[in-house]
>>> print(open('structure39.csv').read())   # CSV, C-alpha atoms and all ligand atoms
chain,number,residue,atom,x,y,z
A,1,MET,CA,42.3,165.4,118.8
A,2,ALA,CA,44.0,162.4,117.2
A,3,GLN,CA,44.3,159.3,119.5
A,4,SER,CA,47.8,158.6,120.7
A,5,PHE,CA,48.9,155.0,120.9
A,6,THR,CA,51.1,153.1,123.3
A,7,ILE,CA,52.1,150.9,120.3
A,8,PRO,CA,52.1,153.0,117.1
A,9,PHE,CA,51.8,151.4,113.7
A,10,GLY,CA,55.2,152.5,112.7
A,11,ARG,CA,58.1,154.6,113.8
A,12,PRO,CA,61.0,155.7,111.6
A,13,TYR,CA,64.3,154.2,112.6
A,14,LEU,CA,67.4,156.3,112.8
A,15,THR,CA,70.8,154.7,112.9
A,16,GLY,CA,72.4,157.7,114.7
A,17,ARG,CA,74.7,158.6,111.7
A,18,GLU,CA,72.2,160.7,109.8
A,19,GLN,CA,72.9,163.9,111.6
A,20,THR,CA,76.7,163.6,111.1
A,21,LEU,CA,76.4,163.0,107.4
A,22,ILE,CA,73.7,165.7,106.9
A,23,ASN,CA,76.0,168.2,108.7
A,24,GLN,CA,78.8,167.2,106.5
A,25,ALA,CA,76.6,167.9,103.4
A,26,LEU,CA,75.7,171.3,104.9
A,27,THR,CA,79.3,172.2,105.7
A,28,GLU,CA,80.5,171.2,102.2
A,29,GLY,CA,77.8,173.5,100.8
A,30,TYR,CA,77.1,171.4,97.7
A,31,LEU,CA,73.3,171.0,98.2
A,32,HIS,CA,71.8,170.3,94.8
A,33,GLY,CA,71.6,166.8,93.3
A,34,ASN,CA,74.2,164.4,91.9
A,35,GLY,CA,77.0,165.2,94.4
A,36,HIS,CA,79.2,162.7,96.2
A,37,PHE,CA,76.5,161.5,98.6
A,38,THR,CA,74.2,160.8,95.7
A,39,LYS,CA,77.0,158.9,94.0
A,40,LYS,CA,77.9,157.0,97.2
A,41,SER,CA,74.2,156.0,97.6
A,42,GLN,CA,74.0,154.8,94.1
A,43,THR,CA,77.3,152.8,94.4
A,44,GLU,CA,76.0,151.2,97.7
A,45,LEU,CA,72.7,150.2,96.0
A,46,GLN,CA,74.5,148.8,93.0
A,47,THR,CA,76.7,146.7,95.3
A,48,LEU,CA,73.7,145.6,97.4
A,49,THR,CA,71.5,144.6,94.4
A,50,GLY,CA,74.0,143.7,91.7
A,51,CYS,CA,72.3,146.2,89.4
A,52,GLN,CA,74.8,147.9,87.1
A,53,LYS,CA,73.1,151.3,87.0
A,54,VAL,CA,71.1,152.9,89.9
A,55,LEU,CA,69.9,156.5,89.8
A,56,LEU,CA,68.7,158.1,93.0
A,57,THR,CA,65.3,159.8,92.8
A,58,HIS,CA,63.2,161.9,95.1
A,59,SER,CA,60.6,159.1,95.4
A,60,CYS,CA,59.6,155.7,94.2
A,61,THR,CA,56.8,157.6,92.4
A,62,ALA,CA,59.5,159.4,90.4
A,63,ALA,CA,61.3,156.1,89.6
A,64,LEU,CA,58.1,154.7,88.3
A,65,GLU,CA,57.5,157.7,86.1
A,66,MET,CA,61.0,157.4,84.7
A,67,SER,CA,60.3,153.7,84.0
A,68,VAL,CA,57.2,154.5,82.1
A,69,LEU,CA,59.1,157.2,80.0
A,70,LEU,CA,61.8,154.6,79.4
A,71,ALA,CA,59.3,152.1,78.3
A,72,ASP,CA,58.1,154.7,75.8
A,73,ILE,CA,54.4,154.3,76.8
A,74,GLN,CA,52.3,156.2,74.3
A,75,PRO,CA,48.7,157.4,74.6
A,76,GLY,CA,46.4,154.4,74.4
A,77,ASP,CA,49.1,151.8,75.3
A,78,GLU,CA,48.0,149.3,77.9
A,79,VAL,CA,50.0,148.4,81.0
A,80,ILE,CA,48.9,145.3,83.0
A,81,MET,CA,49.2,145.7,86.8
A,82,PRO,CA,47.4,144.7,90.0
A,83,SER,CA,44.5,146.9,91.3
A,84,TYR,CA,45.8,146.2,94.8
A,85,THR,CA,48.6,148.7,94.9
A,86,PHE,CA,49.5,152.3,95.6
A,87,VAL,CA,48.3,155.1,93.3
A,88,SER,CA,51.8,155.8,91.9
A,89,THR,CA,51.9,152.5,90.1
A,90,ALA,CA,49.0,153.5,87.9
A,91,ASN,CA,49.5,157.2,87.9
A,92,ALA,CA,52.9,156.9,86.2
A,93,VAL,CA,51.2,155.3,83.3
A,94,VAL,CA,48.2,157.7,83.1
A,95,LEU,CA,50.6,160.7,83.1
A,96,GLN,CA,51.8,159.5,79.6
A,97,GLY,CA,48.3,158.8,78.4
A,98,GLY,CA,48.6,155.0,78.9
A,99,VAL,CA,45.8,152.8,80.2
A,100,PRO,CA,46.3,150.7,83.3
A,101,VAL,CA,44.7,147.3,83.0
A,102,PHE,CA,43.9,146.0,86.4
A,103,ILE,CA,44.0,142.2,87.1
A,104,ASP,CA,43.5,140.2,90.3
A,105,ILE,CA,46.1,139.2,92.9
A,106,ARG,CA,47.0,135.8,94.3
A,107,PRO,CA,45.3,134.9,97.6
A,108,ASP,CA,48.5,133.7,99.2
A,109,THR,CA,51.1,136.5,98.5
A,110,LEU,CA,48.7,139.2,97.5
A,111,ASN,CA,50.9,139.8,94.4
A,112,ILE,CA,49.7,140.1,90.8
A,113,ASP,CA,48.2,136.7,89.7
A,114,GLU,CA,50.7,135.6,87.0
A,115,ASN,CA,48.1,133.1,85.7
A,116,LYS,CA,45.7,136.0,84.8
A,117,ILE,CA,48.2,138.1,82.8
A,118,GLU,CA,47.9,136.4,79.4
A,119,GLU,CA,44.1,136.7,79.3
A,120,ALA,CA,44.6,140.5,79.8
A,121,ILE,CA,47.0,140.9,76.9
A,122,THR,CA,45.6,142.7,73.8
A,123,PRO,CA,47.4,144.2,70.7
A,124,LEU,CA,47.7,147.4,72.7
A,125,THR,CA,49.6,145.9,75.7
A,126,LYS,CA,53.1,147.3,76.1
A,127,ALA,CA,54.2,146.4,79.6
A,128,ILE,CA,53.5,144.7,82.9
A,129,ILE,CA,54.1,146.4,86.2
A,130,CYS,CA,54.5,143.9,89.0
A,131,VAL,CA,54.3,145.1,92.7
A,132,HIS,CA,56.3,143.0,95.2
A,133,TYR,CA,53.8,143.4,98.1
A,134,ALA,CA,55.3,143.4,101.6
A,135,GLY,CA,58.7,142.7,100.2
A,136,VAL,CA,57.7,139.3,98.9
A,137,ALA,CA,58.5,138.7,95.3
A,138,CYS,CA,56.0,138.1,92.5
A,139,GLU,CA,56.4,134.9,90.5
A,140,MET,CA,59.0,136.5,88.3
A,141,ASP,CA,60.1,133.5,86.2
A,142,THR,CA,56.5,133.1,84.9
A,143,ILE,CA,56.0,136.8,84.5
A,144,ARG,CA,59.3,137.2,82.6
A,145,SER,CA,58.5,134.3,80.3
A,146,ILE,CA,55.1,135.7,79.5
A,147,ALA,CA,56.7,139.1,78.8
A,148,LYS,CA,59.3,137.5,76.5
A,149,LYS,CA,56.7,135.5,74.6
A,150,HIS,CA,54.5,138.7,74.0
A,151,ASN,CA,57.4,141.1,73.6
A,152,LEU,CA,56.4,143.2,76.7
A,153,ILE,CA,58.4,145.3,79.1
A,154,VAL,CA,58.5,144.4,82.8
A,155,ILE,CA,58.7,147.1,85.4
A,156,GLU,CA,59.1,146.2,89.0
A,157,ASP,CA,57.4,148.3,91.6
A,158,ALA,CA,59.8,147.3,94.4
A,159,ALA,CA,58.8,150.2,96.7
A,160,GLN,CA,58.7,147.8,99.6
A,161,GLY,CA,61.4,145.5,98.2
A,162,VAL,CA,64.8,146.8,99.3
A,163,GLU,CA,67.0,143.9,100.5
A,164,ALA,CA,64.5,141.2,99.5
A,165,TYR,CA,65.2,138.4,97.0
A,166,TYR,CA,63.7,136.1,94.4
A,167,LYS,CA,65.8,133.0,93.8
A,168,ASN,CA,68.7,134.9,95.4
A,169,LYS,CA,68.3,137.8,93.0
A,170,ALA,CA,67.5,141.2,94.5
A,171,LEU,CA,64.0,142.6,93.8
A,172,GLY,CA,64.2,145.5,91.4
A,173,THR,CA,66.8,143.7,89.3
A,174,LEU,CA,64.4,141.3,87.6
A,175,GLY,CA,62.6,143.5,85.1
A,176,HIS,CA,63.8,146.1,82.5
A,177,SER,CA,63.8,148.5,85.5
A,178,GLY,CA,62.9,148.5,89.2
A,179,ALA,CA,61.8,151.2,91.6
A,180,PHE,CA,62.6,151.5,95.3
A,181,SER,CA,61.1,153.7,97.9
A,182,PHE,CA,62.9,155.3,100.8
A,183,HIS,CA,59.8,157.1,102.2
A,184,ALA,CA,59.8,157.4,106.0
A,185,THR,CA,57.4,154.4,106.3
A,186,LYS,CA,59.8,152.0,104.5
A,187,ASN,CA,62.6,149.9,105.9
A,188,ILE,CA,65.4,152.1,104.7
A,189,ILE,CA,64.5,155.7,104.7
A,190,SER,CA,65.5,159.3,103.8
A,191,GLY,CA,62.3,161.1,104.6
A,192,GLU,CA,61.1,161.1,101.0
A,193,GLY,CA,63.3,159.2,98.5
A,194,GLY,CA,63.6,156.5,95.9
A,195,ALA,CA,65.9,154.9,93.3
A,196,LEU,CA,65.6,153.7,89.8
A,197,LEU,CA,67.4,150.4,89.0
A,198,VAL,CA,68.1,150.3,85.3
A,199,ASN,CA,68.6,146.7,84.3
A,200,ASP,CA,68.4,146.9,80.5
A,201,PRO,CA,71.8,148.2,79.4
A,202,GLU,CA,70.1,149.9,76.4
A,203,TRP,CA,68.1,152.1,78.7
A,204,ILE,CA,71.0,153.5,80.6
A,205,ASP,CA,71.9,156.5,78.4
A,206,ARG,CA,68.3,157.6,78.1
A,207,ALA,CA,67.7,157.1,81.8
A,208,GLU,CA,70.5,159.5,82.6
A,209,MET,CA,69.0,162.2,80.3
A,210,ILE,CA,65.4,161.7,81.6
A,211,TRP,CA,66.9,162.0,85.2
A,212,GLU,CA,68.5,165.3,84.3
A,213,LYS,CA,65.4,167.1,83.0
A,214,GLY,CA,65.8,165.7,79.5
A,215,THR,CA,69.2,167.2,79.0
A,216,ASN,CA,72.7,165.8,78.1
A,217,ARG,CA,74.2,167.3,81.3
A,218,LYS,CA,76.1,164.1,81.9
A,219,LYS,CA,78.1,164.6,78.7
A,220,PHE,CA,78.8,168.2,79.8
A,221,LEU,CA,80.0,167.0,83.2
A,222,LEU,CA,82.3,164.5,81.4
A,223,GLY,CA,83.6,167.3,79.2
A,224,GLN,CA,82.2,165.7,76.0
A,225,VAL,CA,80.1,168.9,75.1
A,226,ASP,CA,80.8,172.5,76.0
A,227,LYS,CA,77.1,173.3,76.8
A,228,TYR,CA,74.3,171.0,77.8
A,229,SER,CA,71.0,171.2,76.1
A,230,TRP,CA,67.5,169.7,75.8
A,231,VAL,CA,67.7,166.3,74.1
A,232,ASP,CA,64.7,164.2,75.3
A,233,LYS,CA,61.6,164.2,77.6
A,234,GLY,CA,62.6,164.4,81.2
A,235,SER,CA,61.9,166.1,84.6
A,236,SER,CA,63.5,167.0,87.9
A,237,PHE,CA,63.8,163.5,89.3
A,238,LEU,CA,67.0,163.9,91.5
A,239,PRO,CA,67.0,164.4,95.3
A,240,GLY,CA,69.3,167.0,96.9
A,241,GLU,CA,72.5,166.1,98.7
A,242,VAL,CA,70.9,166.4,102.2
A,243,THR,CA,68.5,163.6,101.4
A,244,ALA,CA,71.3,161.6,99.8
A,245,ALA,CA,73.5,162.0,102.9
A,246,PHE,CA,70.6,160.7,105.1
A,247,LEU,CA,70.3,157.7,102.8
A,248,VAL,CA,74.0,156.9,103.0
A,249,ALA,CA,73.7,156.7,106.8
A,250,GLN,CA,70.8,154.3,106.5
A,251,LEU,CA,72.5,152.1,103.8
A,252,GLU,CA,75.5,151.6,106.2
A,253,SER,CA,73.1,149.6,108.4
A,254,VAL,CA,70.9,148.0,105.8
A,255,LYS,CA,71.7,144.4,106.8
A,256,GLU,CA,71.1,145.1,110.6
A,257,ILE,CA,67.9,147.0,109.9
A,258,THR,CA,66.5,144.2,107.7
A,259,GLU,CA,67.6,141.5,110.2
A,260,GLN,CA,65.8,143.2,113.0
A,261,ARG,CA,62.6,143.6,111.1
A,262,VAL,CA,62.7,140.0,109.9
A,263,LYS,CA,63.2,138.9,113.6
A,264,ILE,CA,60.1,140.9,114.6
A,265,TRP,CA,58.1,139.4,111.6
A,266,ASN,CA,59.2,135.9,112.7
A,267,HIS,CA,58.0,136.6,116.2
A,268,TYR,CA,54.6,137.7,115.0
A,269,HIS,CA,54.4,134.6,112.8
A,270,HIS,CA,55.2,132.4,115.8
A,271,VAL,CA,52.7,134.1,118.1
A,272,LEU,CA,49.9,133.9,115.6
A,273,ASP,CA,50.6,130.3,114.5
A,274,ALA,CA,48.0,128.7,116.8
A,275,LEU,CA,45.2,131.1,115.7
A,276,GLU,CA,45.8,130.2,112.1
A,277,LYS,CA,45.7,126.5,113.0
A,278,GLN,CA,42.4,127.1,114.6
A,279,GLU,CA,41.3,128.8,111.4
A,280,LYS,CA,40.6,132.1,113.2
A,281,LEU,CA,42.8,134.1,110.8
A,282,ILE,CA,45.3,133.7,107.9
A,283,ARG,CA,49.0,134.6,108.2
A,284,PRO,CA,51.2,135.8,105.3
A,285,THR,CA,52.6,133.1,102.9
A,286,ILE,CA,56.2,133.3,101.8
A,287,PRO,CA,56.9,131.0,98.8
A,288,THR,CA,60.2,129.1,99.1
A,289,ASP,CA,61.8,131.1,96.2
A,290,CYS,CA,61.3,134.3,98.2
A,291,GLN,CA,63.5,135.9,100.8
A,292,HIS,CA,61.4,138.8,102.3
A,293,ASN,CA,62.6,141.8,104.2
A,294,GLY,CA,60.1,142.0,107.1
A,295,HIS,CA,58.6,145.1,105.6
A,296,LEU,CA,55.1,144.5,107.0
A,297,TYR,CA,53.1,141.9,108.9
A,298,TYR,CA,49.5,141.4,108.1
A,299,ILE,CA,46.6,139.1,108.9
A,300,LEU,CA,43.5,138.3,106.9
A,301,LEU,CA,40.2,138.0,108.8
A,302,LYS,CA,37.0,136.3,108.0
A,303,ASP,CA,35.2,139.3,106.6
A,304,GLY,CA,35.2,143.1,106.7
A,305,ALA,CA,33.0,143.4,109.7
A,306,GLN,CA,35.2,141.2,111.8
A,307,ARG,CA,38.3,143.1,110.6
A,308,ASN,CA,36.8,146.4,111.6
A,309,LEU,CA,35.8,145.1,115.1
A,310,LEU,CA,39.2,143.7,115.7
A,311,MET,CA,40.8,147.0,114.6
A,312,ASN,CA,38.6,148.9,117.1
A,313,HIS,CA,39.4,146.4,119.8
A,314,LEU,CA,43.2,146.8,119.3
A,315,ARG,CA,42.9,150.6,119.2
A,316,GLN,CA,41.1,150.5,122.5
A,317,GLN,CA,44.1,148.7,123.9
A,318,GLY,CA,46.5,151.4,122.7
A,319,ILE,CA,47.6,149.4,119.6
A,320,GLN,CA,47.5,151.0,116.2
A,321,PRO,CA,46.8,148.6,113.4
A,322,ALA,CA,46.1,149.7,109.8
A,323,THR,CA,44.2,148.6,106.8
A,324,HIS,CA,45.9,149.0,103.4
A,325,TYR,CA,45.2,149.9,99.7
A,326,VAL,CA,41.8,150.9,98.5
A,327,PRO,CA,41.7,148.9,95.2
A,328,LEU,CA,42.5,151.3,92.3
A,329,HIS,CA,39.7,149.9,90.1
A,330,ASP,CA,37.2,151.2,92.7
A,331,SER,CA,38.7,154.7,92.9
A,332,ILE,CA,37.4,157.8,91.0
A,333,ALA,CA,40.6,158.1,88.9
A,334,GLY,CA,40.8,154.3,88.3
A,335,GLN,CA,37.3,154.4,86.8
A,336,ARG,CA,38.1,157.3,84.7
A,337,PHE,CA,41.6,156.3,83.4
A,338,ALA,CA,41.8,152.6,83.6
A,339,ARG,CA,40.0,149.3,82.9
A,340,THR,CA,39.9,145.9,84.4
A,341,SER,CA,40.4,142.5,83.0
A,342,GLY,CA,38.6,139.5,84.6
A,343,ASP,CA,37.1,139.3,88.0
A,344,LEU,CA,38.9,141.1,90.9
A,345,ALA,CA,37.3,139.1,93.7
A,346,VAL,CA,40.6,138.4,95.6
A,347,THR,CA,41.5,142.1,95.5
A,348,CYS,CA,38.2,143.1,96.9
A,349,ARG,CA,38.2,140.5,99.6
A,350,VAL,CA,41.8,141.3,100.7
A,351,ALA,CA,41.1,145.0,100.8
A,352,ASP,CA,38.1,144.3,103.1
A,353,THR,CA,39.8,141.8,105.4
A,354,ILE,CA,43.4,142.7,105.7
A,355,LEU,CA,44.8,144.2,109.0
A,356,ARG,CA,48.4,145.3,109.2
A,357,LEU,CA,50.0,145.1,112.6
A,358,PRO,CA,52.6,147.5,114.1
A,359,LEU,CA,56.1,146.8,112.9
A,360,PHE,CA,59.1,149.0,113.6
A,361,SER,CA,62.7,148.3,114.7
A,362,GLU,CA,62.2,149.0,118.4
A,363,LEU,CA,59.0,146.9,118.7
A,364,ALA,CA,59.7,144.5,121.7
A,365,GLU,CA,58.8,140.8,121.7
A,366,SER,CA,56.8,141.5,124.8
A,367,GLN,CA,54.7,144.0,122.9
A,368,ILE,CA,54.2,141.5,120.1
A,369,ASP,CA,53.1,138.9,122.7
A,370,PHE,CA,50.6,141.5,124.1
A,371,ILE,CA,49.2,142.2,120.6
A,372,GLY,CA,48.9,138.5,120.0
A,373,ALA,CA,47.1,138.0,123.3
A,374,GLU,CA,44.7,140.8,122.5
A,375,ILE,CA,43.9,139.3,119.1
A,376,GLU,CA,43.3,136.0,120.8
A,377,LYS,CA,41.1,137.6,123.4
A,378,PHE,CA,39.0,139.2,120.7
A,379,MET,CA,38.6,135.9,118.9
B,1,LIG,C1,53.6,149.7,95.9
B,1,LIG,C2,54.0,151.2,96.1
B,1,LIG,N1,54.5,151.8,95.0
B,1,LIG,C3,54.9,153.1,95.1
B,1,LIG,C4,54.8,153.8,96.2
B,1,LIG,C5,55.2,155.3,96.3
B,1,LIG,O1,56.4,155.4,97.0
B,1,LIG,P1,57.0,156.9,97.2
B,1,LIG,O2,56.2,157.5,98.4
B,1,LIG,O3,58.5,156.7,97.6
B,1,LIG,O4,56.8,157.7,96.0
B,1,LIG,C6,54.4,153.2,97.4
B,1,LIG,C7,54.3,153.9,98.7
B,1,LIG,O5,54.0,153.4,99.7
B,1,LIG,C8,54.0,151.8,97.3
B,1,LIG,O6,53.5,151.1,98.4
>>> encode(input="structure39.csv", output="structure tokens", more="lines below")
Ligand SMILES: Cc1ncc(COP(=O)(O)O)c(C=O)c1O
Amino acid sequence: MAQSFTIPFGRPYLTGREQTLINQALTEGYLHGNGHFTKKSQTELQTLTGCQKVLLTHSCTAALEMSVLLADIQPGDEVIMPSYTFVSTANAVVLQGGVPVFIDIRPDTLNIDENKIEEAITPLTKAIICVHYAGVACEMDTIRSIAKKHNLIVIEDAAQGVEAYYKNKALGTLGHSGAFSFHATKNIISGEGGALLVNDPEWIDRAEMIWEKGTNRKKFLLGQVDKYSWVDKGSSFLPGEVTAAFLVAQLESVKEITEQRVKIWNHYHHVLDALEKQEKLIRPTIPTDCQHNGHLYYILLKDGAQRNLLMNHLRQQGIQPATHYVPLHDSIAGQRFARTSGDLAVTCRVADTILRLPLFSELAESQIDFIGAEIEKFM
């Protein structure tokens, strides 16, 4: 039987408005996609981020797949990305026959190391996908200027980046496109869910066709054609209205939810300060240009053995910590479909030594104090 924990790793937060809005969607009986809850979510996200075109999707995975279609990745095209990420970042490229090229991450933010991008560029390179780990921005000015110099597309995997900023600009709005996740483990949720932020105005028309299974249904809805038909590649990327209604309820409280998570994050940071000063562990680094969203709190330990022992110790106290990504270059599919550029030493070390600590809206400061005390006891 699975162990139950007094302090679980995460717990989805409900604002209390979800049921009302879901019931409204059910009563109205318009249950497929692109109804008024979808439009409302999109407008709210546009206002929140400043992006001029947001399309709701059924997942961040879908938004990444749309981005790769929009970037027109062809078989053999190379896309530079970190190995330290979720499978969807690379899978989206592989589905179109593209080749992920994995490079190392920075030891401070655990984001793609912008100083290793240029050496990975070849005549086949078409795009860079940056992943804003833990809702902390990648070094976007440098990445964008490299992309401009080499004529590359930038896609932001901002799965964890809702309501986080780089130089006061919302994550997801800094590349040609950005992808959000509203999966139940994220800050703002709809069970499964996501959004595509289309930042390049030249991509908007095509994005709407790809979103609607490769058809010109939008033109039909606007009365511009009397039948809609197949005009491009596409798929079924829309969520239904019940999911969108759930998301509207969450977006009403986006500021409060983020504020609460950042408060929890800050308390962890305070509690673990002394242990970092004693060089017992490393806490997350937030560069001054970045405003994060408290998506996750992690610590880095001395080595993998110590990390695993600490994880067991915390589990015995009823606390549920978690490791994170298995580097993609080490995975079966990564070895089959991708290649690496340079040494991935930081990626491998972080994968072995990272420990994520419980973080959810109802986590009490006293529980964080208890977790901190148990880490200290272990040390
Ligand atoms: C970096 C990253 N990209 C993409 C995804 C996929 O998100 P979704 O489950 O919404 O498809 C995740 C999920 O955790 C993620 O961490």
>>> atom_distance(input="structure39.csv", atom1="CA of Phe182 (chain A)", atom2="CA of Ile105 (chain A)")
24.6 Å
>>> residues_around(input="structure39.csv", residues="region 209-224 of chain A", least_positions_apart="6", cutoff="7 Å", atoms="all atoms listed in the file", output="VMD selection string")
chain A and resid 66 230 to 238
>>> residues_around(input="structure39.csv", residues="region 287-296 of chain A", least_positions_apart="3", cutoff="10 Å", atoms="all atoms listed in the file", output="ChimeraX atom specification")
/A:10,108-109,132-140,160-171,185-188,255,257-266,284,356-360
>>> residues_around(input="structure39.csv", residues="Leu344 (chain A)", least_positions_apart="6", cutoff="9 Å", atoms="only C-alpha atoms", output="list of chain:residue names")
A:Ser83, A:Phe102, A:Ile103, A:Asp104, A:Ile105, A:His329
>>> write_last_selection(input="structure39.csv", atoms="C-alpha atoms", output="JSON list (two decimals), in the frame of the given file")
[["chain", "number", "residue", "atom", "x", "y", "z"],
["A", 83, "SER", "CA", 44.50, 146.90, 91.30],
["A", 102, "PHE", "CA", 43.90, 146.00, 86.40],
["A", 103, "ILE", "CA", 44.00, 142.20, 87.10],
["A", 104, "ASP", "CA", 43.50, 140.20, 90.30],
["A", 105, "ILE", "CA", 46.10, 139.20, 92.90],
["A", 329, "HIS", "CA", 39.70, 149.90, 90.10]]
>>> closest_residue(input="structure39.csv", among="A:Glu118, A:Asp200, A:Glu65, A:Asp205", to="Asp157 (chain A)", atoms="all atoms listed in the file")
A:Glu65
>>> closest_residue(input="structure39.csv", among="A:Ile112, A:Leu48, A:Ala179, A:Val68", to="ligand LIG 1 (chain B)", atoms="only C-alpha atoms and all ligand atoms")
A:Ala179
>>> closest_atom_pairs(input="structure39.csv", of="chain A", to="ligand LIG 1 (chain B)", cutoff="9 Å", atoms="all atoms listed in the file", output="Markdown table")
| residue | atom | partner | partner_atom | distance |
| --- | --- | --- | --- | --- |
| A:Thr57 | CA | B:LIG1 | O3 | 8.9 |
| A:His58 | CA | B:LIG1 | O3 | 7.4 |
| A:Ser59 | CA | B:LIG1 | O3 | 3.9 |
| A:Cys60 | CA | B:LIG1 | O3 | 3.7 |
| A:Thr61 | CA | B:LIG1 | O4 | 3.6 |
| A:Ala62 | CA | B:LIG1 | O4 | 6.4 |
| A:Ala63 | CA | B:LIG1 | O4 | 8.0 |
| A:Leu64 | CA | B:LIG1 | C3 | 7.7 |
| A:Tyr84 | CA | B:LIG1 | C1 | 8.6 |
| A:Thr85 | CA | B:LIG1 | C1 | 5.2 |
| A:Phe86 | CA | B:LIG1 | C2 | 4.7 |
| A:Val87 | CA | B:LIG1 | C3 | 7.1 |
| A:Ser88 | CA | B:LIG1 | C3 | 5.2 |
| A:Thr89 | CA | B:LIG1 | N1 | 5.6 |
| A:Val131 | CA | B:LIG1 | C1 | 5.6 |
| A:His132 | CA | B:LIG1 | C1 | 7.3 |
| A:Tyr133 | CA | B:LIG1 | C1 | 6.7 |
| A:Ala134 | CA | B:LIG1 | O6 | 8.5 |
| A:Asp157 | CA | B:LIG1 | N1 | 5.7 |
| A:Ala158 | CA | B:LIG1 | C1 | 6.8 |
| A:Ala159 | CA | B:LIG1 | N1 | 4.9 |
| A:Gln160 | CA | B:LIG1 | O6 | 6.3 |
| A:Ala179 | CA | B:LIG1 | C3 | 8.0 |
| A:Phe180 | CA | B:LIG1 | O3 | 7.0 |
| A:Ser181 | CA | B:LIG1 | O3 | 4.0 |
| A:Phe182 | CA | B:LIG1 | O3 | 5.6 |
| A:His183 | CA | B:LIG1 | O3 | 4.8 |
| A:Ala184 | CA | B:LIG1 | O2 | 8.4 |
| A:Thr185 | CA | B:LIG1 | O5 | 7.5 |
| A:Lys186 | CA | B:LIG1 | O5 | 7.7 |
| A:Glu192 | CA | B:LIG1 | O3 | 6.1 |
| A:Gly193 | CA | B:LIG1 | O3 | 5.5 |
| A:Gly194 | CA | B:LIG1 | O3 | 5.4 |
| A:Ala195 | CA | B:LIG1 | O3 | 8.7 |
| A:Tyr325 | CA | B:LIG1 | O6 | 8.5 |
>>> closest_residue(input="structure39.csv", among="A:Val242, A:Cys348, A:Phe37, A:Lys53", to="Ala207 (chain A)", atoms="all atoms listed in the file")
A:Lys53
>>> residues_around(input="structure39.csv", residues="Arg283 (chain A)", least_positions_apart="2", cutoff="7 Å", atoms="only C-alpha atoms", output="CSV table (one decimal) with C-alpha atoms, in the coordinates of the input")
chain,number,residue,atom,x,y,z
A,276,GLU,CA,45.8,130.2,112.1
A,281,LEU,CA,42.8,134.1,110.8
A,285,THR,CA,52.6,133.1,102.9
A,298,TYR,CA,49.5,141.4,108.1
A,299,ILE,CA,46.6,139.1,108.9
A,300,LEU,CA,43.5,138.3,106.9
>>> closest_residue(input="structure39.csv", among="A:Gln3, A:Asn111, A:Gln74, A:Thr353", to="Gln96 (chain A)", atoms="only C-alpha atoms")
A:Gln74
>>> atom_distance(input="structure39.csv", atom1="CA of Asn34 (chain A)", atom2="CA of Leu247 (chain A)")
13.4 Å
>>> residues_near_point(input="structure39.csv", point="(47.8, 142.3, 74.7)", cutoff="12 Å", atoms="only C-alpha atoms", output="PyMOL selection string")
chain A and resi 77-80+101+117-128+146-147+149-153+341
>>> residues_around(input="structure39.csv", residues="region 303-314 of chain A", least_positions_apart="6", cutoff="10 Å", atoms="only C-alpha atoms", output="ChimeraX atom specification")
/A:7,320-323,349-357,371,374-375,377-379
>>> atom_distance(input="structure39.csv", atom1="CA of Pro239 (chain A)", atom2="CA of Leu56 (chain A)")
6.9 Å
>>> closest_residue(input="structure39.csv", among="A:Asn199, A:Thr243, A:Gln250, A:Gln317", to="Val54 (chain A)", atoms="all atoms listed in the file")
A:Asn199
>>> closest_residue(input="structure39.csv", among="A:Glu156, A:Glu256, A:Glu241, A:Asp113", to="Gly172 (chain A)", atoms="all atoms listed in the file")
A:Glu156
>>> residues_near_point(input="structure39.csv", point="(80.1, 163.2, 97.7)", cutoff="10 Å", atoms="only C-alpha atoms", output="MDAnalysis selection string")
chainID A and resid 24:25 28 30 34:41 241 244:245
